[in-house]
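Everything below concerns the one structure shown next.
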Amino acid sequence: MSADIAADVIELYTGYQPPGVGGCGSYKVGPLLDATHLSPEEFWHALISPYVKIVRFRERRETGDDIAKLMFGENEMDFSVDRATRRALLADGKFPVQFSFLPNGGRELQELDTEVGPIRGRMSINDALRIFIGSDDFMIRWITDGQVEPRIFPSVMPLYEEKLLADMSESVCNFGYKELGRVTVTKSRLPWGSMADTTPPTVLDRTEIENSGKDNLPDLLQQLSQSAFHRGLGYRPSGTQCAVLRGVAPVKVLINGRPMFGSAADFFEDTCIDLNNIPLSAVERIEVSPDAVSFAHGADALGGAINLVLKKSDTQSADARYQGARGGAGLLHTSIVAGTSEDAWLASLVLDYSEMSSLQGDERERWRNQDFRRFGGLDYRSSFSAPPNVSSLDGGSLASLNSSMAAVRVSPAGSIDFAAGEQNQSSLYAWQDIVPAIRRMNVSAMAEREVGSALLRSEFLLADRSVTHQYAPEVIPGLVLGEHHYQNPFGVPVAVQAALTGLPSPQTEVDSTLLRGVLQIDGRWSKLDYSIYALHSIEDAATTSSNWVDYGALAESLSGLTPSQLNVLTDRPGLGGSYILSPASTVRSVIGGTIFSASVRGDLFNMPGGSASAQIGSEVWREFGDYGNVTAKLHRQIVSGFGIFQLPIVEGVKATFGARLDDYEKLDPVTSYQYSLEWKPLHRLRLSASYSDTFAAPRMFDLHFPVQSTSTVILDPSWGEIVPVTIVFGGNEDLRPTIGRSSTFGLAFGTPEDAFRASIDLWSVSLQDRSAVVFPVTLLAYEDTALDGRVVRDPATADDIAAGRRGRLRTLDVRRANFGGTETRGIDASISNTFKTETARVTPRLDITYTDSFRYADIPSVRDPGRERTGVADVQGTITRWRLRGWLQIAMAEWDTNILARWNSCYEDVDAAVAATGRRVCPGMIVDFNLAKEIGEHLKVTVGASDIFDHSPSFSEVFGTAGYDLSQDNLVGRTAFVTLSVRL
């Protein structure tokens, strides 16, 4: 490399001009002889380090390898250069390179005003500079982990940005450049992609998060084709929304690479991390891996993992968003980001607050009229109605009416009449929330400081929420209206069926507070990198149920024998009758834990392909749970250790082996193994194969819930009659971990800095010994092959044997058990390309997931072969065979346009009893759109809509009275929004 080109490279990548400029001395740049292939360290020291003092990245590991990877695209960093700063750098009269040297020829300032956009997002330095300059006429090519090939075209004078990589105030000499403010360059210290992650995660950076137009994590994750199904805010009373990748759960959720604990408000369900506890305003990047992840993050990611990288910013910004749908679900969302930094430290704070109003069922035709015969389904309107119905107790005709039943008719004046032989019907879901009322407040803070060779870091997260969910009204299910009741005109007791719409609707209010703190120290000792952290998390949830009827008080009020007589024969039954409501009740639950973790990584020995390396670490967990006074406060300790070894066999071929031991208190230890092989026959071509064990330990609640029993009656199929039985339920201390295995074969073309990228992965996942609830009816139906000891009968008598029946039924044990499993396999594919026109930068992207099979066994029988769920509706979540996600990004000088589309293939419908209906359900395509414009230097306005065509859900009977598939559709429809963003 010639001396001139070497000087250009220094300018390009550091922002400094090494020759004697501005009284800086007589530094000389000599040629790099025989520099066709250099090691990264040789290249770095020979070219740059003699001349400048480079600003240290947040990552302090400034070895040649690390810097080379940063510069040449093996790793990426976060860039944020606004349009005004970029224009100023290009147009500044003191800038050492004039317009005449631009690769595309001279340009006037007016052209810059229309062509120069901001640089934001996660990319390599090469890519950032390529965007900055607007040319592909330079290249420093990364060959392998051990070699780089510097190659710059001498005919091009490369531009650089003095603030992109270096702070001029730290230069060994002052060049007198104009101060333009700090531009932050950050890099995660220990990146998400640990050694054993052979399939790179899908990454959504801050730019893509903003371009999506989404306001929360669950909605954003819908845009991933691996998201098999999505449940709306109203699915759970708590408003909790969990991630499900490829239909397998649970999905491990991490914040900055460190795990989260389950939701305290949903402890009765399987492990679930509420994604709404982390606001999008606090997230810089989302990394999604549907495959098993590195053992450094744990072996318990049965359904993959999601890592949320939080913002660390030394700038100030504020956002305000308003959105709404037809009839409700109005959202006001505000956030403030503030930060500051000096040479050795940085602090950042994110404040986020949102309020969403409810959307009730009567605002949508599907729930306003539950007579689904118009779709070929059933009529789910209820005879527990408003106005009510009355009927005789003995089946005879009602007095003065020629029928045993009658519908109550209420005139506009309030008078009551009866329509003999008719029946009122009401759609009770008209009173129920589609979307609950939600208030959320979040605080995310972090600070980090360099102390010698170590980096100290602290994090804090507060998530406070209140969710109020309204249900369908309580009913009078045929109770007796006494002959002395003031509204009974028949002179004899009659039965009344009514919906108590005059009373406040039943509701649950979930108030929860999550507190999470992290202290971490990272550094380098000798030749080893180390990381130590302590994490403590606690979530306290209170679920208050109110407006539920006390049926004893209701029956007494209907008798007519007390002064308080319920107003029932009216168009609003129960009006004024709040005295029959039970007092509000509150159940509290607390879930959390403390984690101590330490790990080291470093090189071991040299191999033909490079240095063999290892990462070893250990974790100590202490989980605790207080489950709403259902159990005593529970706790357990987990001790884990792992080792990961990376072996570069030859150039371009890398093997990885990992092992992890997890020792749960009172459970047998679990040992897991992980293998991977990667081959790069070309720089842009990558083939990989991986295998990993996974597991999920039983929850403390499932193990230690007090064992109880109750007496009831059940149909015994062996006797063909209703018989008494004792049901045993509660925890099961004999539960074993669920064991999983996953494998992936992948091919990828392109690097993060390439315009064109494509990938395809063939994957399979299997789960065994799932922990599941046993239902009494199912247990009896499969008694011949049922789990041992779950059905207890008397010995068959001679009469029983003669009658061909079993002994008399005594006990059914329905405690959780390990049975059933999941076997699924499929293909993920992705293709994207970025190209430029005279006026825009256009990036189309298409992601496809094809699920070949999803076999699911959920019968408590040792002979259950499982059922195929692919392409069949299911209350546990419908797995469609094809899922396509498209994204078109168009970036112009002042406008950004984004079009997002989601399409799932048709599937077979079933009814609530899992019987095939012969109906094909086709969810249709959902299209989102948003348009953003920067106004001046500090303001950005974004307008858009989700589901712009206001798609109506396809009818399905799988959820019975709902009238649609809650895992594939929603009733909200089009949602429009406007966002104002201020950047200071």
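So you can find residues: chains in the structure tokens are A, B, ... in the order shown, residues in each start at 1, and ligands are numbered from 1 in order.
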### Query
Could you name the residues that touch A:Gly395 at 6 Å or less, counting only C-alpha atoms, but leaving out those on the same chain fewer than 2 positions away, as a PyMOL selection string?
chain A and resi 392-393+404
Determine, using only C-alpha atoms, which residues of stretch 732-831 of chain A have any atom at most 12 Å from an atom of stretch 300-304 of chain A, and tabulate each with its shortest atom pair and distance in Å to one decimal place, rows ordered by chain and then rising number, as JSON lines.
```
{"residue": "A:Pro737", "atom": "CA", "partner": "A:Asp300", "partner_atom": "CA", "distance": 10.0}
{"residue": "A:Thr738", "atom": "CA", "partner": "A:Leu302", "partner_atom": "CA", "distance": 8.8}
{"residue": "A:Ile739", "atom": "CA", "partner": "A:Leu302", "partner_atom": "CA", "distance": 8.3}
{"residue": "A:Gly740", "atom": "CA", "partner": "A:Leu302", "partner_atom": "CA", "distance": 6.3}
{"residue": "A:Arg741", "atom": "CA", "partner": "A:Leu302", "partner_atom": "CA", "distance": 8.2}
{"residue": "A:Ser742", "atom": "CA", "partner": "A:Leu302", "partner_atom": "CA", "distance": 8.5}
{"residue": "A:Ser743", "atom": "CA", "partner": "A:Gly304", "partner_atom": "CA", "distance": 11.8}
{"residue": "A:Trp763", "atom": "CA", "partner": "A:Gly304", "partner_atom": "CA", "distance": 12.0}
{"residue": "A:Ser764", "atom": "CA", "partner": "A:Gly303", "partner_atom": "CA", "distance": 11.2}
{"residue": "A:Val765", "atom": "CA", "partner": "A:Leu302", "partner_atom": "CA", "distance": 8.5}
{"residue": "A:Ser766", "atom": "CA", "partner": "A:Leu302", "partner_atom": "CA", "distance": 9.1}
{"residue": "A:Leu767", "atom": "CA", "partner": "A:Leu302", "partner_atom": "CA", "distance": 8.0}
{"residue": "A:Gln768", "atom": "CA", "partner": "A:Leu302", "partner_atom": "CA", "distance": 10.9}
{"residue": "A:Arg770", "atom": "CA", "partner": "A:Leu302", "partner_atom": "CA", "distance": 11.0}
{"residue": "A:Thr822", "atom": "CA", "partner": "A:Leu302", "partner_atom": "CA", "distance": 11.0}
{"residue": "A:Thr824", "atom": "CA", "partner": "A:Gly303", "partner_atom": "CA", "distance": 11.3}
```
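The two atoms in question, atom CA of A:Arg808 and atom CA of A:Val773, are spaced 24.2 Å apart.
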### Query
Hey, what's within 8 Å of stretch 781-785 of chain A if we count only C-alpha atoms and toss same-chain stuff fewer than 2 positions away? As a list of chain:residue names, please?
A:Pro717, A:Val777, A:Thr778, A:Leu779, A:Leu787, A:Val791, A:Ile859, A:Pro860, A:Ser861, A:Val862, A:Arg863
Keeping only all heavy atoms, write the selected residues as a compact mmCIF listing (two decimals), in the first residue's frame.
```txt
# COMPACT_ATOMS: atom_id res chain seq x y z
N PRO A 717 -67.61 -44.03 32.11
CA PRO A 717 -67.93 -44.73 30.86
C PRO A 717 -67.98 -46.25 31.04
O PRO A 717 -68.66 -46.93 30.28
CB PRO A 717 -66.80 -44.31 29.91
CG PRO A 717 -65.70 -43.86 30.79
CD PRO A 717 -66.34 -43.28 32.01
N VAL A 777 -62.12 -36.16 32.66
CA VAL A 777 -62.83 -36.86 31.59
C VAL A 777 -61.82 -37.55 30.66
O VAL A 777 -62.02 -38.70 30.24
CB VAL A 777 -63.73 -35.89 30.81
CG1 VAL A 777 -64.35 -36.58 29.60
CG2 VAL A 777 -64.81 -35.32 31.72
N THR A 778 -60.73 -36.85 30.34
CA THR A 778 -59.70 -37.43 29.48
C THR A 778 -59.05 -38.63 30.15
O THR A 778 -58.75 -39.65 29.51
CB THR A 778 -58.64 -36.37 29.15
OG1 THR A 778 -59.29 -35.23 28.60
CG2 THR A 778 -57.64 -36.91 28.15
N LEU A 779 -58.82 -38.52 31.46
CA LEU A 779 -58.18 -39.61 32.19
C LEU A 779 -59.03 -40.88 32.12
O LEU A 779 -58.51 -41.98 31.90
CB LEU A 779 -57.99 -39.18 33.65
CG LEU A 779 -57.03 -40.00 34.51
CD1 LEU A 779 -55.64 -40.01 33.91
CD2 LEU A 779 -57.01 -39.41 35.92
N LEU A 787 -51.76 -43.08 32.87
CA LEU A 787 -50.59 -43.06 33.73
C LEU A 787 -50.87 -43.89 34.97
O LEU A 787 -51.98 -43.89 35.52
CB LEU A 787 -50.27 -41.60 34.11
CG LEU A 787 -50.06 -40.65 32.92
CD1 LEU A 787 -49.96 -39.22 33.41
CD2 LEU A 787 -48.80 -41.04 32.16
N VAL A 791 -56.01 -43.56 38.20
CA VAL A 791 -57.41 -43.97 38.34
C VAL A 791 -57.45 -45.08 39.39
O VAL A 791 -56.81 -46.12 39.22
CB VAL A 791 -58.00 -44.47 37.01
CG1 VAL A 791 -59.46 -44.88 37.20
CG2 VAL A 791 -57.87 -43.39 35.92
N ILE A 859 -52.34 -36.28 25.58
CA ILE A 859 -53.22 -37.25 26.22
C ILE A 859 -52.42 -37.99 27.30
O ILE A 859 -51.30 -38.45 27.04
CB ILE A 859 -53.77 -38.27 25.20
CG1 ILE A 859 -54.55 -37.53 24.10
CG2 ILE A 859 -54.65 -39.30 25.88
CD1 ILE A 859 -55.73 -36.76 24.59
N PRO A 860 -52.96 -38.12 28.52
CA PRO A 860 -52.23 -38.81 29.59
C PRO A 860 -52.21 -40.32 29.38
O PRO A 860 -52.75 -41.09 30.16
CB PRO A 860 -53.00 -38.42 30.84
CG PRO A 860 -54.39 -38.20 30.36
CD PRO A 860 -54.26 -37.59 29.00
N SER A 861 -51.58 -40.71 28.30
CA SER A 861 -51.52 -42.13 27.95
C SER A 861 -50.14 -42.43 27.42
O SER A 861 -49.57 -41.64 26.65
CB SER A 861 -52.57 -42.47 26.88
OG SER A 861 -52.32 -43.74 26.34
N VAL A 862 -49.58 -43.55 27.81
CA VAL A 862 -48.25 -43.91 27.35
C VAL A 862 -48.24 -44.28 25.87
O VAL A 862 -47.17 -44.40 25.27
CB VAL A 862 -47.70 -45.08 28.19
CG1 VAL A 862 -47.51 -44.65 29.63
CG2 VAL A 862 -48.63 -46.30 28.11
N ARG A 863 -49.41 -44.46 25.28
CA ARG A 863 -49.49 -44.85 23.87
C ARG A 863 -49.98 -43.73 22.96
O ARG A 863 -50.33 -43.98 21.81
CB ARG A 863 -50.43 -46.06 23.73
CG ARG A 863 -49.97 -47.29 24.51
CD ARG A 863 -50.94 -48.44 24.32
NE ARG A 863 -50.60 -49.58 25.16
CZ ARG A 863 -51.35 -50.68 25.27
NH1 ARG A 863 -52.47 -50.78 24.56
NH2 ARG A 863 -50.97 -51.66 26.07
```
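Computed from the coordinates, the atom CA of A:Asp464 to atom CA of A:Asp626 distance equals 18.8 Å.
The spacing separating atom CA of A:Gly232 from atom CA of A:Asp909 amounts to 20.1 Å.
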### Query
Contacts of stretch 659-663 of chain A at 12 Å or less, counting only C-alpha atoms, minus same-chain residues fewer than 6 places along, as JSON, numbers by chain?
{"A": [196, 294, 295, 296, 297, 298, 299, 300, 614, 615, 616, 617, 618, 619, 620, 621, 622, 636, 637, 638, 639, 640, 641, 642, 643, 644, 645, 669, 670, 671, 672, 673, 674, 675, 691, 692, 693, 694, 695, 696, 697, 737]}
Restricting the output to C-alpha atoms, write the selected residues as a short mmCIF file (atom, residue, chain, number, x, y, z; two decimals), in the first residue's frame.
```cif
data_model
loop_
_atom_site.label_atom_id
_atom_site.label_comp_id
_atom_site.auth_asym_id
_atom_site.auth_seq_id
_atom_site.Cartn_x
_atom_site.Cartn_y
_atom_site.Cartn_z
CA ALA A 196 -21.93 -21.33 20.30
CA SER A 294 -25.40 -20.35 23.74
CA PHE A 295 -25.10 -22.12 27.09
CA ALA A 296 -23.67 -18.87 28.40
CA HIS A 297 -27.31 -17.73 28.46
CA GLY A 298 -28.69 -21.00 29.90
CA ALA A 299 -29.98 -24.29 28.57
CA ASP A 300 -33.64 -23.58 29.37
CA ALA A 614 -12.86 -21.14 25.59
CA GLN A 615 -15.49 -19.54 27.78
CA ILE A 616 -16.28 -20.97 31.19
CA GLY A 617 -18.65 -19.67 33.80
CA SER A 618 -20.87 -20.36 36.75
CA GLU A 619 -24.21 -19.06 38.03
CA VAL A 620 -26.00 -19.24 41.34
CA TRP A 621 -29.74 -18.51 41.34
CA ARG A 622 -32.12 -18.13 44.22
CA ARG A 636 -35.13 -22.79 45.71
CA GLN A 637 -31.49 -22.57 44.73
CA ILE A 638 -29.97 -23.41 41.37
CA VAL A 639 -26.24 -23.83 40.80
CA SER A 640 -25.01 -23.98 37.21
CA GLY A 641 -21.72 -24.27 35.40
CA PHE A 642 -20.88 -24.22 31.72
CA GLY A 643 -17.97 -24.48 29.35
CA ILE A 644 -17.87 -23.54 25.67
CA PHE A 645 -14.92 -24.36 23.42
CA PRO A 669 -29.14 -32.41 38.06
CA VAL A 670 -29.54 -31.91 34.31
CA THR A 671 -26.56 -32.09 31.96
CA SER A 672 -26.92 -30.57 28.50
CA TYR A 673 -24.65 -30.63 25.46
CA GLN A 674 -24.30 -28.41 22.44
CA TYR A 675 -22.39 -28.88 19.17
CA TYR A 691 -27.44 -29.42 17.80
CA SER A 692 -28.40 -28.51 21.33
CA ASP A 693 -30.05 -30.07 24.38
CA THR A 694 -32.55 -27.90 26.22
CA PHE A 695 -34.71 -28.36 29.26
CA ALA A 696 -37.26 -26.61 31.46
CA ALA A 697 -37.45 -27.36 35.17
CA PRO A 737 -37.85 -31.46 33.81
#
```
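Remark: for A:Asp379, the closest of the candidate residues A:Thr834, A:Ile595, A:Trp367, A:Asp319 is A:Trp367 (distances computed over only C-alpha atoms).
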A:Asp603: which residues within 10 Å, counting only C-alpha atoms, same-chain residues fewer than 4 positions away excluded, as a PDB file with all heavy atoms, in the first residue's frame?
```pdb
ATOM      1  N   LYS A 527      -4.466 -12.294  29.865  1.00  0.00           N
ATOM      2  CA  LYS A 527      -4.994 -12.553  28.528  1.00  0.00           C
ATOM      3  C   LYS A 527      -6.439 -13.022  28.560  1.00  0.00           C
ATOM      4  O   LYS A 527      -6.938 -13.565  27.570  1.00  0.00           O
ATOM      5  CB  LYS A 527      -4.133 -13.597  27.827  1.00  0.00           C
ATOM      6  CG  LYS A 527      -2.704 -13.146  27.577  1.00  0.00           C
ATOM      7  CD  LYS A 527      -1.918 -14.199  26.823  1.00  0.00           C
ATOM      8  CE  LYS A 527      -0.495 -13.732  26.544  1.00  0.00           C
ATOM      9  NZ  LYS A 527       0.279 -14.747  25.793  1.00  0.00           N
ATOM     10  N   LEU A 528      -7.122 -12.810  29.677  1.00  0.00           N
ATOM     11  CA  LEU A 528      -8.491 -13.283  29.835  1.00  0.00           C
ATOM     12  C   LEU A 528      -9.453 -12.106  29.952  1.00  0.00           C
ATOM     13  O   LEU A 528      -9.169 -11.121  30.646  1.00  0.00           O
ATOM     14  CB  LEU A 528      -8.614 -14.163  31.078  1.00  0.00           C
ATOM     15  CG  LEU A 528      -7.821 -15.467  31.095  1.00  0.00           C
ATOM     16  CD1 LEU A 528      -7.989 -16.152  32.440  1.00  0.00           C
ATOM     17  CD2 LEU A 528      -8.268 -16.378  29.954  1.00  0.00           C
ATOM     18  N   ASP A 529     -10.575 -12.216  29.278  1.00  0.00           N
ATOM     19  CA  ASP A 529     -11.685 -11.286  29.474  1.00  0.00           C
ATOM     20  C   ASP A 529     -12.616 -11.882  30.516  1.00  0.00           C
ATOM     21  O   ASP A 529     -12.944 -13.070  30.461  1.00  0.00           O
ATOM     22  CB  ASP A 529     -12.453 -11.070  28.167  1.00  0.00           C
ATOM     23  CG  ASP A 529     -11.590 -10.411  27.114  1.00  0.00           C
ATOM     24  OD1 ASP A 529     -10.898  -9.444  27.455  1.00  0.00           O
ATOM     25  OD2 ASP A 529     -11.611 -10.878  25.963  1.00  0.00           O
ATOM     26  N   GLY A 610      -6.546 -20.737  13.380  1.00  0.00           N
ATOM     27  CA  GLY A 610      -6.490 -19.628  14.312  1.00  0.00           C
ATOM     28  C   GLY A 610      -6.331 -20.120  15.731  1.00  0.00           C
ATOM     29  O   GLY A 610      -5.915 -21.265  15.978  1.00  0.00           O
ATOM     30  N   SER A 611      -6.694 -19.290  16.674  1.00  0.00           N
ATOM     31  CA  SER A 611      -6.540 -19.619  18.085  1.00  0.00           C
ATOM     32  C   SER A 611      -7.782 -20.324  18.606  1.00  0.00           C
ATOM     33  O   SER A 611      -8.904 -19.819  18.441  1.00  0.00           O
ATOM     34  CB  SER A 611      -6.287 -18.351  18.906  1.00  0.00           C
ATOM     35  OG  SER A 611      -5.067 -17.754  18.539  1.00  0.00           O
ATOM     36  N   ALA A 612      -7.583 -21.471  19.237  1.00  0.00           N
ATOM     37  CA  ALA A 612      -8.680 -22.123  19.953  1.00  0.00           C
ATOM     38  C   ALA A 612      -9.001 -21.296  21.194  1.00  0.00           C
ATOM     39  O   ALA A 612      -8.115 -20.750  21.843  1.00  0.00           O
ATOM     40  CB  ALA A 612      -8.298 -23.539  20.345  1.00  0.00           C
ATOM     41  N   SER A 613     -10.269 -21.174  21.524  1.00  0.00           N
ATOM     42  CA  SER A 613     -10.670 -20.331  22.648  1.00  0.00           C
ATOM     43  C   SER A 613     -11.728 -21.036  23.475  1.00  0.00           C
ATOM     44  O   SER A 613     -12.348 -22.019  23.038  1.00  0.00           O
ATOM     45  CB  SER A 613     -11.203 -18.987  22.142  1.00  0.00           C
ATOM     46  OG  SER A 613     -12.259 -19.184  21.215  1.00  0.00           O
ATOM     47  N   ALA A 614     -11.912 -20.526  24.666  1.00  0.00           N
ATOM     48  CA  ALA A 614     -12.864 -21.137  25.591  1.00  0.00           C
ATOM     49  C   ALA A 614     -13.536 -20.058  26.408  1.00  0.00           C
ATOM     50  O   ALA A 614     -12.979 -18.986  26.646  1.00  0.00           O
ATOM     51  CB  ALA A 614     -12.163 -22.140  26.507  1.00  0.00           C
ATOM     52  N   GLN A 615     -14.752 -20.366  26.825  1.00  0.00           N
ATOM     53  CA  GLN A 615     -15.488 -19.538  27.777  1.00  0.00           C
ATOM     54  C   GLN A 615     -16.042 -20.466  28.844  1.00  0.00           C
ATOM     55  O   GLN A 615     -16.713 -21.460  28.532  1.00  0.00           O
ATOM     56  CB  GLN A 615     -16.630 -18.774  27.102  1.00  0.00           C
ATOM     57  CG  GLN A 615     -17.422 -17.908  28.070  1.00  0.00           C
ATOM     58  CD  GLN A 615     -18.544 -17.158  27.374  1.00  0.00           C
ATOM     59  OE1 GLN A 615     -18.788 -17.347  26.184  1.00  0.00           O
ATOM     60  NE2 GLN A 615     -19.237 -16.298  28.108  1.00  0.00           N
ATOM     61  N   PHE A 645     -16.230 -24.290  24.042  1.00  0.00           N
ATOM     62  CA  PHE A 645     -14.921 -24.362  23.424  1.00  0.00           C
ATOM     63  C   PHE A 645     -15.072 -24.200  21.920  1.00  0.00           C
ATOM     64  O   PHE A 645     -15.877 -24.891  21.285  1.00  0.00           O
ATOM     65  CB  PHE A 645     -14.247 -25.696  23.747  1.00  0.00           C
ATOM     66  CG  PHE A 645     -14.133 -25.947  25.228  1.00  0.00           C
ATOM     67  CD1 PHE A 645     -15.159 -26.599  25.904  1.00  0.00           C
ATOM     68  CD2 PHE A 645     -13.028 -25.509  25.932  1.00  0.00           C
ATOM     69  CE1 PHE A 645     -15.082 -26.815  27.271  1.00  0.00           C
ATOM     70  CE2 PHE A 645     -12.941 -25.726  27.298  1.00  0.00           C
ATOM     71  CZ  PHE A 645     -13.955 -26.381  27.970  1.00  0.00           C
ATOM     72  N   GLN A 646     -14.283 -23.284  21.377  1.00  0.00           N
ATOM     73  CA  GLN A 646     -14.323 -23.004  19.946  1.00  0.00           C
ATOM     74  C   GLN A 646     -13.000 -23.407  19.322  1.00  0.00           C
ATOM     75  O   GLN A 646     -11.930 -22.989  19.781  1.00  0.00           O
ATOM     76  CB  GLN A 646     -14.580 -21.524  19.704  1.00  0.00           C
ATOM     77  CG  GLN A 646     -14.657 -21.152  18.240  1.00  0.00           C
ATOM     78  CD  GLN A 646     -14.997 -19.691  18.054  1.00  0.00           C
ATOM     79  OE1 GLN A 646     -16.131 -19.281  18.222  1.00  0.00           O
ATOM     80  NE2 GLN A 646     -14.003 -18.894  17.733  1.00  0.00           N
TER      81      GLN A 646
END
```
#### Entry: Test item, helix (DSSP H, G or I) assignment across stretch 661-876 of chain A, answer as number ranges by chain
A: 700-704, 776-781, 783-785, 798-803
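Closest to A:Ile434 among A:Tyr235, A:Tyr486, A:Tyr664, A:Phe261 is A:Tyr235, based on only C-alpha atoms.
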